[in-house]
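Undergrad: Just coords-v4.csv, nothing more (CSV, C-alpha atoms and all ligand atoms):
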```csv
chain,number,residue,atom,x,y,z
A,107,MET,CA,-55.3,-37.5,15.7
A,108,GLY,CA,-58.8,-38.7,15.4
A,109,LEU,CA,-61.5,-40.1,13.1
A,110,LEU,CA,-64.8,-39.3,11.4
A,111,VAL,CA,-68.1,-40.5,13.0
A,112,ASN,CA,-71.1,-40.0,10.7
A,113,GLY,CA,-69.1,-37.3,8.9
A,114,GLN,CA,-68.1,-35.4,12.1
A,115,TRP,CA,-64.5,-35.2,13.1
A,116,GLN,CA,-63.7,-36.5,16.6
A,117,ASP,CA,-60.3,-36.1,18.2
A,118,LYS,CA,-59.4,-39.5,19.6
A,119,TRP,CA,-56.3,-41.7,19.9
A,120,TYR,CA,-56.4,-45.4,19.0
A,121,ASP,CA,-58.5,-47.5,21.3
A,122,THR,CA,-56.2,-50.2,22.7
A,123,ASP,CA,-58.3,-50.7,25.9
A,124,SER,CA,-60.8,-52.9,24.1
A,125,THR,CA,-58.1,-55.1,22.6
A,126,GLY,CA,-55.9,-55.9,25.6
A,127,GLY,CA,-53.2,-53.3,24.8
A,128,LYS,CA,-53.0,-54.3,21.1
A,129,PHE,CA,-53.0,-51.9,18.2
A,130,GLU,CA,-55.4,-53.2,15.5
A,131,ARG,CA,-55.3,-51.6,12.1
A,132,GLU,CA,-58.7,-50.7,10.7
A,133,GLU,CA,-59.7,-52.1,7.3
A,134,SER,CA,-59.6,-49.5,4.5
A,135,GLY,CA,-63.1,-48.1,3.6
A,136,PHE,CA,-62.8,-47.4,-0.1
A,137,ARG,CA,-61.9,-50.5,-2.2
A,138,SER,CA,-62.7,-49.9,-5.9
A,139,TRP,CA,-60.1,-50.3,-8.6
A,140,VAL,CA,-58.9,-48.3,-11.6
A,141,THR,CA,-58.7,-50.8,-14.5
A,142,SER,CA,-57.6,-50.4,-18.1
A,143,ASP,CA,-61.2,-50.6,-19.4
A,144,GLY,CA,-63.2,-49.4,-16.5
A,145,SER,CA,-64.6,-52.8,-15.6
A,146,ALA,CA,-64.8,-53.7,-11.9
A,147,GLY,CA,-61.6,-54.9,-10.2
A,148,PRO,CA,-61.4,-57.6,-7.5
A,149,SER,CA,-63.6,-55.4,-5.2
A,150,GLY,CA,-65.7,-52.3,-5.2
A,151,ASP,CA,-67.5,-50.6,-8.1
A,152,GLU,CA,-66.9,-50.5,-11.8
A,153,GLY,CA,-66.5,-47.3,-13.8
A,154,PHE,CA,-62.9,-46.2,-12.9
A,155,LYS,CA,-61.1,-46.4,-16.3
A,156,ALA,CA,-57.4,-45.6,-16.5
A,157,GLU,CA,-57.2,-42.1,-18.1
A,158,ALA,CA,-54.5,-39.4,-18.0
A,159,ASN,CA,-55.2,-36.7,-15.5
A,160,ARG,CA,-58.4,-38.2,-14.2
A,161,TYR,CA,-57.0,-39.3,-10.8
A,162,HIS,CA,-55.3,-37.4,-8.0
A,163,LEU,CA,-53.2,-39.0,-5.3
A,164,TYR,CA,-53.1,-37.7,-1.7
A,165,VAL,CA,-50.0,-38.8,0.3
A,166,SER,CA,-47.9,-38.1,3.3
A,167,LEU,CA,-44.2,-38.4,2.7
A,168,ALA,CA,-43.9,-39.7,6.3
A,169,CYS,CA,-46.3,-42.6,5.8
A,170,PRO,CA,-44.8,-46.0,4.8
A,171,TRP,CA,-48.1,-47.0,3.2
A,172,ALA,CA,-48.4,-43.8,1.1
A,173,HIS,CA,-44.7,-44.1,0.3
A,174,ARG,CA,-45.4,-47.4,-1.6
A,175,THR,CA,-47.8,-45.5,-3.9
A,176,LEU,CA,-45.3,-42.8,-4.6
A,177,ILE,CA,-42.7,-45.4,-5.5
A,178,PHE,CA,-45.0,-47.1,-7.9
A,179,ARG,CA,-46.0,-43.8,-9.5
A,180,LYS,CA,-42.2,-43.2,-10.0
A,181,LEU,CA,-41.4,-46.7,-11.2
A,182,LYS,CA,-44.2,-46.7,-13.7
A,183,GLY,CA,-43.6,-43.2,-15.0
A,184,LEU,CA,-47.0,-42.0,-13.9
A,185,GLU,CA,-45.9,-38.5,-12.8
A,186,ASP,CA,-47.5,-36.8,-15.8
A,187,LEU,CA,-50.7,-38.8,-15.6
A,188,ILE,CA,-51.5,-38.7,-11.9
A,189,ASP,CA,-50.9,-35.5,-9.8
A,190,VAL,CA,-50.1,-35.6,-6.1
A,191,SER,CA,-50.9,-33.6,-3.0
A,192,VAL,CA,-48.7,-33.9,0.1
A,193,VAL,CA,-49.9,-33.3,3.6
A,194,ASN,CA,-48.1,-31.6,6.4
A,195,PRO,CA,-46.1,-34.1,8.5
A,196,TYR,CA,-47.7,-33.1,11.8
A,197,MET,CA,-50.8,-35.2,12.3
A,198,LEU,CA,-52.5,-33.2,15.2
A,199,GLU,CA,-56.0,-32.6,16.6
A,200,GLN,CA,-57.6,-32.3,13.1
A,201,GLY,CA,-55.6,-35.2,11.7
A,202,TRP,CA,-53.6,-34.7,8.4
A,203,SER,CA,-53.6,-31.1,7.1
A,204,PHE,CA,-52.3,-29.1,4.2
A,205,LYS,CA,-50.8,-26.3,6.5
A,206,ALA,CA,-47.7,-24.8,5.0
A,207,PHE,CA,-44.4,-26.7,5.6
A,208,ASP,CA,-41.5,-27.4,3.3
A,209,GLY,CA,-42.6,-30.1,0.9
A,210,VAL,CA,-46.4,-29.8,1.4
A,211,VAL,CA,-48.3,-29.7,-1.9
A,212,LYS,CA,-51.7,-28.2,-1.4
A,213,ASP,CA,-55.0,-29.7,-2.5
A,214,PRO,CA,-55.8,-28.3,-6.0
A,215,ILE,CA,-59.3,-29.9,-6.1
A,216,PHE,CA,-61.0,-28.6,-3.0
A,217,ASN,CA,-58.3,-26.4,-1.5
A,218,ALA,CA,-59.0,-28.4,1.6
A,219,GLU,CA,-57.4,-27.5,4.9
A,220,HIS,CA,-57.6,-31.0,6.2
A,221,MET,CA,-57.6,-34.5,4.8
A,222,HIS,CA,-60.9,-35.4,6.5
A,223,GLN,CA,-62.6,-32.9,4.1
A,224,ILE,CA,-61.6,-35.2,1.2
A,225,TYR,CA,-63.3,-38.1,2.9
A,226,THR,CA,-66.5,-36.2,3.6
A,227,ALA,CA,-66.4,-34.9,0.0
A,228,ALA,CA,-66.6,-38.5,-1.1
A,229,LYS,CA,-69.1,-39.6,1.5
A,230,SER,CA,-70.7,-36.9,3.7
A,231,ASP,CA,-71.6,-39.4,6.5
A,232,TYR,CA,-68.3,-41.3,6.5
A,233,THR,CA,-67.3,-43.2,9.6
A,234,GLY,CA,-63.7,-44.3,10.0
A,235,ARG,CA,-60.1,-43.2,10.2
A,236,VAL,CA,-58.9,-40.7,7.8
A,237,THR,CA,-55.8,-42.3,6.4
A,238,VAL,CA,-53.4,-41.7,3.5
A,239,PRO,CA,-52.9,-42.6,0.8
A,240,VAL,CA,-56.1,-41.7,-1.0
A,241,LEU,CA,-56.7,-42.1,-4.8
A,242,TRP,CA,-59.4,-39.6,-5.8
A,243,ASP,CA,-61.4,-39.7,-9.1
A,244,LYS,CA,-61.9,-36.2,-10.5
A,245,LYS,CA,-64.6,-37.4,-12.9
A,246,SER,CA,-67.0,-39.1,-10.5
A,247,ASN,CA,-65.9,-37.0,-7.5
A,248,THR,CA,-65.2,-39.8,-5.2
A,249,ILE,CA,-62.4,-41.8,-3.5
A,250,VAL,CA,-61.5,-44.8,-5.6
A,251,SER,CA,-59.3,-46.4,-2.9
A,252,ASN,CA,-57.6,-45.7,0.3
A,253,GLU,CA,-55.8,-49.0,0.4
A,254,SER,CA,-52.1,-48.7,-0.6
A,255,SER,CA,-51.6,-52.4,-1.4
A,256,GLU,CA,-54.4,-52.1,-4.0
A,257,ILE,CA,-53.4,-48.7,-5.3
A,258,ILE,CA,-49.9,-50.1,-6.2
A,259,ARG,CA,-51.4,-53.0,-8.1
A,260,MET,CA,-53.5,-50.5,-10.1
A,261,PHE,CA,-50.4,-48.4,-10.8
A,262,ASN,CA,-48.5,-51.5,-11.8
A,263,SER,CA,-50.6,-52.4,-14.8
A,264,ALA,CA,-53.9,-50.4,-15.2
A,265,PHE,CA,-52.2,-47.4,-17.0
A,266,ASP,CA,-50.0,-49.4,-19.4
A,267,GLN,CA,-52.2,-48.5,-22.4
A,268,VAL,CA,-52.2,-44.8,-21.5
A,269,GLY,CA,-48.6,-44.0,-21.3
A,270,ALA,CA,-47.1,-45.8,-18.2
A,271,ALA,CA,-43.5,-47.0,-18.3
A,272,GLU,CA,-42.7,-50.6,-18.9
A,273,GLY,CA,-42.2,-52.9,-15.9
A,274,ASP,CA,-44.3,-55.5,-14.1
A,275,PHE,CA,-43.6,-55.8,-10.4
A,276,TYR,CA,-46.3,-58.4,-9.9
A,277,PRO,CA,-45.5,-60.9,-12.7
A,278,GLU,CA,-47.9,-63.9,-13.1
A,279,PRO,CA,-45.3,-66.7,-12.4
A,280,LEU,CA,-44.2,-65.0,-9.1
A,281,ARG,CA,-47.6,-64.0,-7.8
A,282,GLU,CA,-48.0,-66.8,-5.3
A,283,LYS,CA,-44.5,-66.3,-3.9
A,284,ILE,CA,-45.0,-62.5,-3.7
A,285,ASP,CA,-48.3,-62.9,-1.9
A,286,ASP,CA,-46.8,-65.2,0.6
A,287,ILE,CA,-43.9,-62.9,1.4
A,288,ASN,CA,-46.1,-59.9,1.5
A,289,ASP,CA,-48.3,-61.6,4.1
A,290,PHE,CA,-45.3,-62.5,6.2
A,291,VAL,CA,-43.7,-59.1,5.9
A,292,TYR,CA,-47.0,-57.2,6.5
A,293,HIS,CA,-47.9,-58.9,9.7
A,294,ASN,CA,-44.4,-59.1,11.2
A,295,ILE,CA,-42.5,-56.1,9.8
A,296,ASN,CA,-44.6,-53.4,8.1
A,297,ASN,CA,-47.4,-53.6,10.7
A,298,GLY,CA,-45.1,-55.3,13.2
A,299,VAL,CA,-43.3,-52.0,14.0
A,300,TYR,CA,-46.7,-50.3,14.7
A,301,LYS,CA,-47.8,-53.3,16.9
A,302,ALA,CA,-44.7,-52.7,19.0
A,303,GLY,CA,-44.8,-48.9,19.0
A,304,PHE,CA,-48.5,-48.5,19.7
A,305,ALA,CA,-48.7,-51.4,22.3
A,306,THR,CA,-50.0,-50.3,25.7
A,307,LYS,CA,-49.1,-53.5,27.6
A,308,GLN,CA,-45.6,-54.8,28.2
A,309,GLU,CA,-46.2,-58.3,27.0
A,310,VAL,CA,-48.0,-57.2,23.9
A,311,TYR,CA,-44.9,-55.0,23.0
A,312,GLU,CA,-42.5,-57.8,23.8
A,313,LYS,CA,-44.3,-60.3,21.5
A,314,ALA,CA,-44.5,-57.8,18.7
A,315,VAL,CA,-40.7,-57.0,19.0
A,316,SER,CA,-39.8,-60.7,19.1
A,317,ASP,CA,-41.9,-61.5,16.0
A,318,LEU,CA,-40.4,-58.5,14.3
A,319,PHE,CA,-36.8,-59.5,14.9
A,320,ASN,CA,-37.4,-63.1,14.1
A,321,ALA,CA,-38.9,-62.0,10.8
A,322,LEU,CA,-35.9,-59.8,10.1
A,323,GLU,CA,-33.5,-62.7,10.7
A,324,LYS,CA,-35.5,-64.7,8.2
A,325,ILE,CA,-35.3,-61.9,5.7
A,326,GLU,CA,-31.5,-61.7,6.3
A,327,GLY,CA,-31.3,-65.4,5.5
A,328,ILE,CA,-33.2,-64.9,2.2
A,329,LEU,CA,-31.1,-61.9,1.2
A,330,ALA,CA,-27.9,-63.8,1.9
A,331,LYS,CA,-28.8,-66.2,-1.0
A,332,ASN,CA,-31.0,-64.1,-3.2
A,333,ARG,CA,-30.6,-60.6,-4.5
A,334,TYR,CA,-34.3,-59.8,-4.0
A,335,LEU,CA,-37.0,-61.4,-1.9
A,336,THR,CA,-38.4,-63.7,-4.6
A,337,GLY,CA,-35.1,-64.3,-6.5
A,338,ASP,CA,-33.2,-62.2,-9.0
A,339,LYS,CA,-36.0,-60.0,-10.1
A,340,ILE,CA,-37.2,-57.0,-8.0
A,341,THR,CA,-40.9,-57.2,-7.3
A,342,GLU,CA,-43.7,-55.5,-5.4
A,343,ALA,CA,-42.6,-57.5,-2.3
A,344,ASP,CA,-39.3,-55.7,-2.2
A,345,TRP,CA,-40.8,-52.2,-2.5
A,346,ARG,CA,-43.3,-53.1,0.3
A,347,LEU,CA,-40.5,-54.1,2.6
A,348,PHE,CA,-38.3,-51.1,1.5
A,349,THR,CA,-40.6,-48.4,3.0
A,350,THR,CA,-40.4,-49.9,6.4
A,351,LEU,CA,-36.6,-50.5,6.2
A,352,VAL,CA,-35.8,-47.0,5.2
A,353,ARG,CA,-37.6,-45.6,8.3
A,354,PHE,CA,-36.3,-48.2,10.6
A,355,ASP,CA,-33.1,-46.8,12.1
A,356,ALA,CA,-34.3,-43.2,12.1
A,357,VAL,CA,-37.7,-43.8,13.7
A,358,TYR,CA,-38.7,-47.4,14.6
A,359,VAL,CA,-35.5,-48.1,16.6
A,360,GLY,CA,-36.1,-45.1,18.9
A,361,HIS,CA,-39.7,-44.0,18.7
A,362,PHE,CA,-41.3,-47.5,18.4
A,363,LYS,CA,-38.7,-49.2,20.7
A,364,CYS,CA,-37.7,-51.7,18.0
A,365,ASN,CA,-34.2,-51.7,19.2
A,366,ILE,CA,-32.8,-55.2,19.4
A,367,LYS,CA,-30.8,-54.3,16.3
A,368,ARG,CA,-30.7,-51.6,13.7
A,369,VAL,CA,-31.1,-52.4,10.0
A,370,PHE,CA,-27.5,-51.1,9.7
A,371,ASP,CA,-26.4,-54.2,11.7
A,372,TYR,CA,-27.7,-56.7,9.2
A,373,LYS,CA,-25.1,-57.2,6.5
A,374,HIS,CA,-27.5,-58.3,3.8
A,375,ILE,CA,-30.6,-56.3,4.6
A,376,TRP,CA,-28.5,-53.1,4.9
A,377,GLY,CA,-26.8,-53.7,1.5
A,378,TYR,CA,-30.2,-54.4,0.0
A,379,LEU,CA,-31.7,-51.3,1.5
A,380,LYS,CA,-28.9,-49.2,0.0
A,381,GLU,CA,-29.3,-50.9,-3.4
A,382,LEU,CA,-33.0,-50.1,-3.5
A,383,TYR,CA,-32.5,-46.6,-2.2
A,384,GLN,CA,-30.0,-45.9,-5.0
A,385,MET,CA,-32.3,-47.1,-7.8
A,386,SER,CA,-33.4,-44.5,-10.3
A,387,GLY,CA,-35.7,-41.9,-8.8
A,388,ILE,CA,-36.2,-43.7,-5.5
A,389,LYS,CA,-34.3,-41.3,-3.2
A,390,ASP,CA,-36.5,-38.5,-4.4
A,391,THR,CA,-39.4,-40.3,-2.8
A,392,VAL,CA,-37.7,-40.4,0.7
A,393,ASN,CA,-38.1,-37.3,2.9
A,394,MET,CA,-36.4,-37.9,6.2
A,395,THR,CA,-37.6,-34.6,7.6
A,396,HIS,CA,-41.2,-35.5,7.0
A,397,ILE,CA,-40.6,-39.0,8.4
A,398,LYS,CA,-39.0,-38.0,11.6
A,399,THR,CA,-41.2,-34.9,12.2
A,400,HIS,CA,-44.4,-36.9,11.7
A,401,TYR,CA,-43.6,-39.8,14.1
A,402,TYR,CA,-41.8,-38.0,16.9
A,403,ALA,CA,-44.1,-35.0,16.9
A,404,SER,CA,-47.5,-36.5,16.2
A,405,HIS,CA,-47.8,-39.4,18.7
A,406,ASP,CA,-48.0,-37.5,21.9
A,407,THR,CA,-48.9,-40.6,23.9
A,408,ILE,CA,-45.5,-42.0,23.0
A,409,ASN,CA,-43.4,-38.9,22.9
A,410,PRO,CA,-45.2,-36.2,24.9
A,411,THR,CA,-42.5,-33.5,24.4
A,412,GLY,CA,-42.6,-33.8,20.7
A,413,ILE,CA,-38.9,-33.4,20.5
A,414,ILE,CA,-37.5,-34.7,17.2
A,415,PRO,CA,-34.1,-36.2,17.5
A,416,SER,CA,-31.2,-34.7,15.5
A,417,GLY,CA,-29.7,-38.0,14.2
A,418,PRO,CA,-28.9,-40.5,13.0
A,419,ALA,CA,-27.1,-39.7,9.8
A,420,ILE,CA,-27.7,-42.8,7.7
A,421,PRO,CA,-25.2,-43.5,4.8
A,422,PHE,CA,-27.8,-44.7,2.3
A,423,GLU,CA,-25.6,-43.5,-0.6
A,424,GLU,CA,-22.6,-45.6,0.3
A,425,PRO,CA,-21.7,-48.5,-2.1
A,426,HIS,CA,-24.2,-51.3,-1.6
A,427,GLY,CA,-22.0,-54.2,-2.5
A,428,ARG,CA,-25.0,-56.3,-3.7
A,429,TYR,CA,-23.5,-58.3,-6.6
A,430,LEU,CA,-25.0,-61.7,-5.8
B,1,LIG,N1,-54.4,-49.7,5.1
B,1,LIG,C1,-54.0,-48.5,4.8
B,1,LIG,C2,-53.2,-47.9,6.0
B,1,LIG,C3,-52.8,-46.5,5.8
B,1,LIG,C4,-52.5,-45.8,7.1
B,1,LIG,O1,-52.7,-46.3,8.2
B,1,LIG,N2,-51.9,-44.6,7.0
B,1,LIG,C5,-51.6,-43.8,8.3
B,1,LIG,C6,-50.3,-43.0,8.1
B,1,LIG,S1,-48.9,-43.9,8.1
B,1,LIG,C7,-52.7,-42.8,8.6
B,1,LIG,O2,-53.1,-42.1,7.7
B,1,LIG,N3,-53.1,-42.9,9.8
B,1,LIG,C8,-54.1,-41.9,10.3
B,1,LIG,C9,-55.0,-42.6,11.3
B,1,LIG,O3,-54.9,-43.8,11.6
B,1,LIG,O4,-55.8,-41.9,11.9
B,1,LIG,C10,-53.1,-48.5,3.6
B,1,LIG,O5,-52.2,-49.4,3.6
B,1,LIG,O6,-53.3,-47.8,2.7
```
Turn the structure described in the file into C-alpha cells.
TA:
Amino acid sequence: MGLLVNGQWQDKWYDTDSTGGKFEREESGFRSWVTSDGSAGPSGDEGFKAEANRYHLYVSLACPWAHRTLIFRKLKGLEDLIDVSVVNPYMLEQGWSFKAFDGVVKDPIFNAEHMHQIYTAAKSDYTGRVTVPVLWDKKSNTIVSNESSEIIRMFNSAFDQVGAAEGDFYPEPLREKIDDINDFVYHNINNGVYKAGFATKQEVYEKAVSDLFNALEKIEGILAKNRYLTGDKITEADWRLFTTLVRFDAVYVGHFKCNIKRVFDYKHIWGYLKELYQMSGIKDTVNMTHIKTHYYASHDTINPTGIIPSGPAIPFEEPHGRYL
C-alpha cells in the first residue's frame, strides 16, 4: 500500500494523524471525459472521442468504485468495445499488481507488473495515490479518467452511437433526484464504511458508524415505498449503492466494524439487493473471493494476521420478493 511522489513509488499507509483520526479520500487526478464527438466534457481535456477498441479499463474486482464501471460496461453492452484488465486482490507494498491469481487479467498494453506503472506511463512525475478504476486511451497514450463516478456517466451515453446497448441510467428528468441521493449515499454509505473502517480514533469511528446506520434506515424507508431509490425506474443511484451493499455482510460488518446490523436484517434493502444481484449479467461482476481476499489480507493495520474469514454464505440467489 503506498503512493507515487514525483513518479517514485513510496510504501505508506493513509495518513490519519494530520486529520484527527479521520480517513479523507484523495480527489482523483485524471478528470477528462470520453464524449461522442471528442469535445471536452465537464472537466479535463478534449480529444477523447468514443470509438470501439480505443479505450482500456483497469479494475479490481474487489473495489466497489471499480465495480461500478464493470456494471456499466455490462449494462451498456460495452464488453466488445472496451477491454478490461483485472488486478490481483492483494494490495501490498507495491500497491495493486498483476501477479497471477484466479481471475487476474494481465495488462496487454504495457505488460505491467504493477498498477503504478500505468500511472507513470501517463505522467512520469505523477504524485498521488494509485487507485482503480482507470480508463486508458490507447490512441493518445494516457489516462482519460480515474474517477469512477465520471467513468460510469461516460459509459452511460458516450458510446451510444458506436454500438452500446440501449438504456439510460441518468435520465434528464431524474438527474436532480439522482444527484441528491448519490451525494447522501456517497458520504454516509459508500465512503461511510471506509470512514468507519479506516478511523484511528474511537469517536471518529462511532460518528461514522452512526451516520452509516442512520442512512441505511433512511434507505430502508425509501425502499419500503419505492422499488428503486428514485421511484420505479432503476438508475445510476441504485448501482452506486449496490456495490457497497453487496460487500456489506461479507466484509464491512466484520473487517470495517460496521456491525450494528447486517444488510440481511433489513427487509427491504435485502430484497432490493437480491433483485439487483439477479439482474441480467450482474452476478458475473461480483467476485466474493477477490472481495474478501483484498480487504482482509491487504489492510494490515486493521487485520495484521491477514486471515480471510471462511463465511458468511450469503443467499443472493434466493427469491427477492420485490413486487412493489
Ligand atoms: N475516487 C476514486 C476512488 C477509487 C479508490 O479509492 N479505489 C481504491 C480501491 S477500492 C484504491 O485503488 N485504493 C488504493 C489507494 O488508495 O492507494 C473513484 O471512485 O474512482
Undergrad: Using only C-alpha atoms, determine which residues lie at most 7 Å from stretch 208-213 of chain A, disregarding the query and same-chain residues fewer than 4 positions distant; provide the list as JSON, numbers by chain.
TA: {"A": [191, 192, 193, 194, 204, 217, 218]}
Undergrad: Deliver the residues from the most recent selection as a file, using C-alpha atoms, as a PDB file, in the frame of the given file.
TA:
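Result written to again-v1.pdb:
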```pdb
ATOM      1  CA  SER A 191     -50.900 -33.600  -3.000  1.00  0.00           C
ATOM      2  CA  VAL A 192     -48.700 -33.900   0.100  1.00  0.00           C
ATOM      3  CA  VAL A 193     -49.900 -33.300   3.600  1.00  0.00           C
ATOM      4  CA  ASN A 194     -48.100 -31.600   6.400  1.00  0.00           C
ATOM      5  CA  PHE A 204     -52.300 -29.100   4.200  1.00  0.00           C
ATOM      6  CA  ASN A 217     -58.300 -26.400  -1.500  1.00  0.00           C
ATOM      7  CA  ALA A 218     -59.000 -28.400   1.600  1.00  0.00           C
TER       8      ALA A 218
END
```
Undergrad: Provide the atom CA of A:Asn294 to atom CA of A:Leu318 distance in Å, to one decimal place.
TA: 5.1 Å
Undergrad: Could you report the residues within 6 Å of ligand LIG 1 (chain B), using all atoms listed in the file, as a ChimeraX atom specification?
TA: /A:107-108,134,169-171,235-239,252-255
Undergrad: Since we have the selection now, will you write its residues out, keeping C-alpha atoms, as a PDB file, keeping the file's coordinate frame?
TA:
```pdb
ATOM      1  CA  MET A 107     -55.300 -37.500  15.700  1.00  0.00           C
ATOM      2  CA  GLY A 108     -58.800 -38.700  15.400  1.00  0.00           C
ATOM      3  CA  SER A 134     -59.600 -49.500   4.500  1.00  0.00           C
ATOM      4  CA  CYS A 169     -46.300 -42.600   5.800  1.00  0.00           C
ATOM      5  CA  PRO A 170     -44.800 -46.000   4.800  1.00  0.00           C
ATOM      6  CA  TRP A 171     -48.100 -47.000   3.200  1.00  0.00           C
ATOM      7  CA  ARG A 235     -60.100 -43.200  10.200  1.00  0.00           C
ATOM      8  CA  VAL A 236     -58.900 -40.700   7.800  1.00  0.00           C
ATOM      9  CA  THR A 237     -55.800 -42.300   6.400  1.00  0.00           C
ATOM     10  CA  VAL A 238     -53.400 -41.700   3.500  1.00  0.00           C
ATOM     11  CA  PRO A 239     -52.900 -42.600   0.800  1.00  0.00           C
ATOM     12  CA  ASN A 252     -57.600 -45.700   0.300  1.00  0.00           C
ATOM     13  CA  GLU A 253     -55.800 -49.000   0.400  1.00  0.00           C
ATOM     14  CA  SER A 254     -52.100 -48.700  -0.600  1.00  0.00           C
ATOM     15  CA  SER A 255     -51.600 -52.400  -1.400  1.00  0.00           C
TER      16      SER A 255
END
```
Undergrad: Env of A:Phe319: 9 Å cut, atoms = all atoms listed in the file, seq-sep filter 3 positions within chain, self excluded. Answer as a list in words.
TA: Asn294, Ile295, Ala314, Val315, Ser316, Leu322, Glu323, Lys324, Cys364, Ile366 and Lys367 of chain A
Undergrad: From the set A:Glu152, A:Glu130, A:Asp117, A:Glu342, which residue has the shortest atom-to-atom contact distance to A:Gly298, counting only C-alpha atoms?
TA: A:Glu130
Undergrad: What gap, in Å, lies between atom CA of A:Ile375 and atom CA of A:Glu326?
TA: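 Interatomic distance, atom CA of A:Ile375 to atom CA of A:Glu326: 5.7 Å.
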Undergrad: Return the single residue from A:Val165, A:Val359, A:Ile177, A:Leu335 that is closest to A:Pro195, with distances computed using all atoms listed in the file.
TA: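 Using all atoms listed in the file, the shortest distance to A:Pro195 belongs to A:Val165.
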Undergrad: Using all atoms listed in the file, can you tell me which of A:Ile257, A:Leu382, A:Val357, A:Leu163 comes closest to A:Glu185?
TA: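 Using all atoms listed in the file, the shortest distance to A:Glu185 belongs to A:Leu163.
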Undergrad: Grab the atom CA of A:Gly153 to atom CA of A:Gly269 distance for me, in Å with one decimal place.
TA: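 Here the two named atoms are 19.7 Å from each other.
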Undergrad: Fewer than 3 positions away in the same chain doesn't count, so skip those; otherwise give me all residues within 6 Å of stretch 136-144 of chain A, counting only C-alpha atoms, as a ChimeraX atom specification.
TA: /A:147,149-151,153-156,250-252,264
Undergrad: Per residue of stretch 257-365 of chain A within 9 Å of stretch 398-402 of chain A, what are the shortest atom pair and its distance in Å to one decimal, counting only C-alpha atoms, with rows by chain and residue number, as a Markdown table?
TA:
```
| residue | atom | partner | partner_atom | distance |
| --- | --- | --- | --- | --- |
| A:Arg353 | CA | A:Lys398 | CA | 8.4 |
| A:Ala356 | CA | A:Lys398 | CA | 7.0 |
| A:Val357 | CA | A:Lys398 | CA | 6.3 |
| A:His361 | CA | A:Tyr402 | CA | 6.6 |
```
Undergrad: What's the 10 Å shell around A:Ile340, counting only C-alpha atoms, without same-chain residues fewer than 6 positions away, as a PyMOL selection string?
TA: chain A and resi 274-276+333-334+382
Undergrad: Please save C-alpha atoms of the selected residues as a PDB file, in the coordinates of the input.
TA:
```
ATOM      1  CA  ASP A 274     -44.300 -55.500 -14.100  1.00  0.00           C
ATOM      2  CA  PHE A 275     -43.600 -55.800 -10.400  1.00  0.00           C
ATOM      3  CA  TYR A 276     -46.300 -58.400  -9.900  1.00  0.00           C
ATOM      4  CA  ARG A 333     -30.600 -60.600  -4.500  1.00  0.00           C
ATOM      5  CA  TYR A 334     -34.300 -59.800  -4.000  1.00  0.00           C
ATOM      6  CA  LEU A 382     -33.000 -50.100  -3.500  1.00  0.00           C
TER       7      LEU A 382
END
```
Undergrad: Could you tell me which of A:Asn112, A:Asn288, A:Asn297, A:Thr306 comes closest to A:Thr125 if we count all atoms listed in the file?
TA: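 The shortest atom-to-atom distance to A:Thr125 comes from A:Thr306.
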Undergrad: What lies within 12 Å of A:Ser386 using all atoms listed in the file, ignoring chain neighbours under 6 positions off, as JSON, numbers by chain?
TA: {"A": [177, 180, 181, 182, 183]}
Undergrad: Closest to A:Leu347 among A:Tyr292, A:Tyr383, A:Tyr232, A:Phe370, using all atoms listed in the file?
TA: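 The closest residue to A:Leu347 is A:Tyr292.
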Undergrad: Taking all atoms listed in the file into account, which of A:Val299, A:Val268, A:Leu167, A:Ala305 comes nearest A:Tyr196?
TA: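 Comparing A:Val299, A:Val268, A:Leu167, A:Ala305 against A:Tyr196, the winner is A:Leu167.
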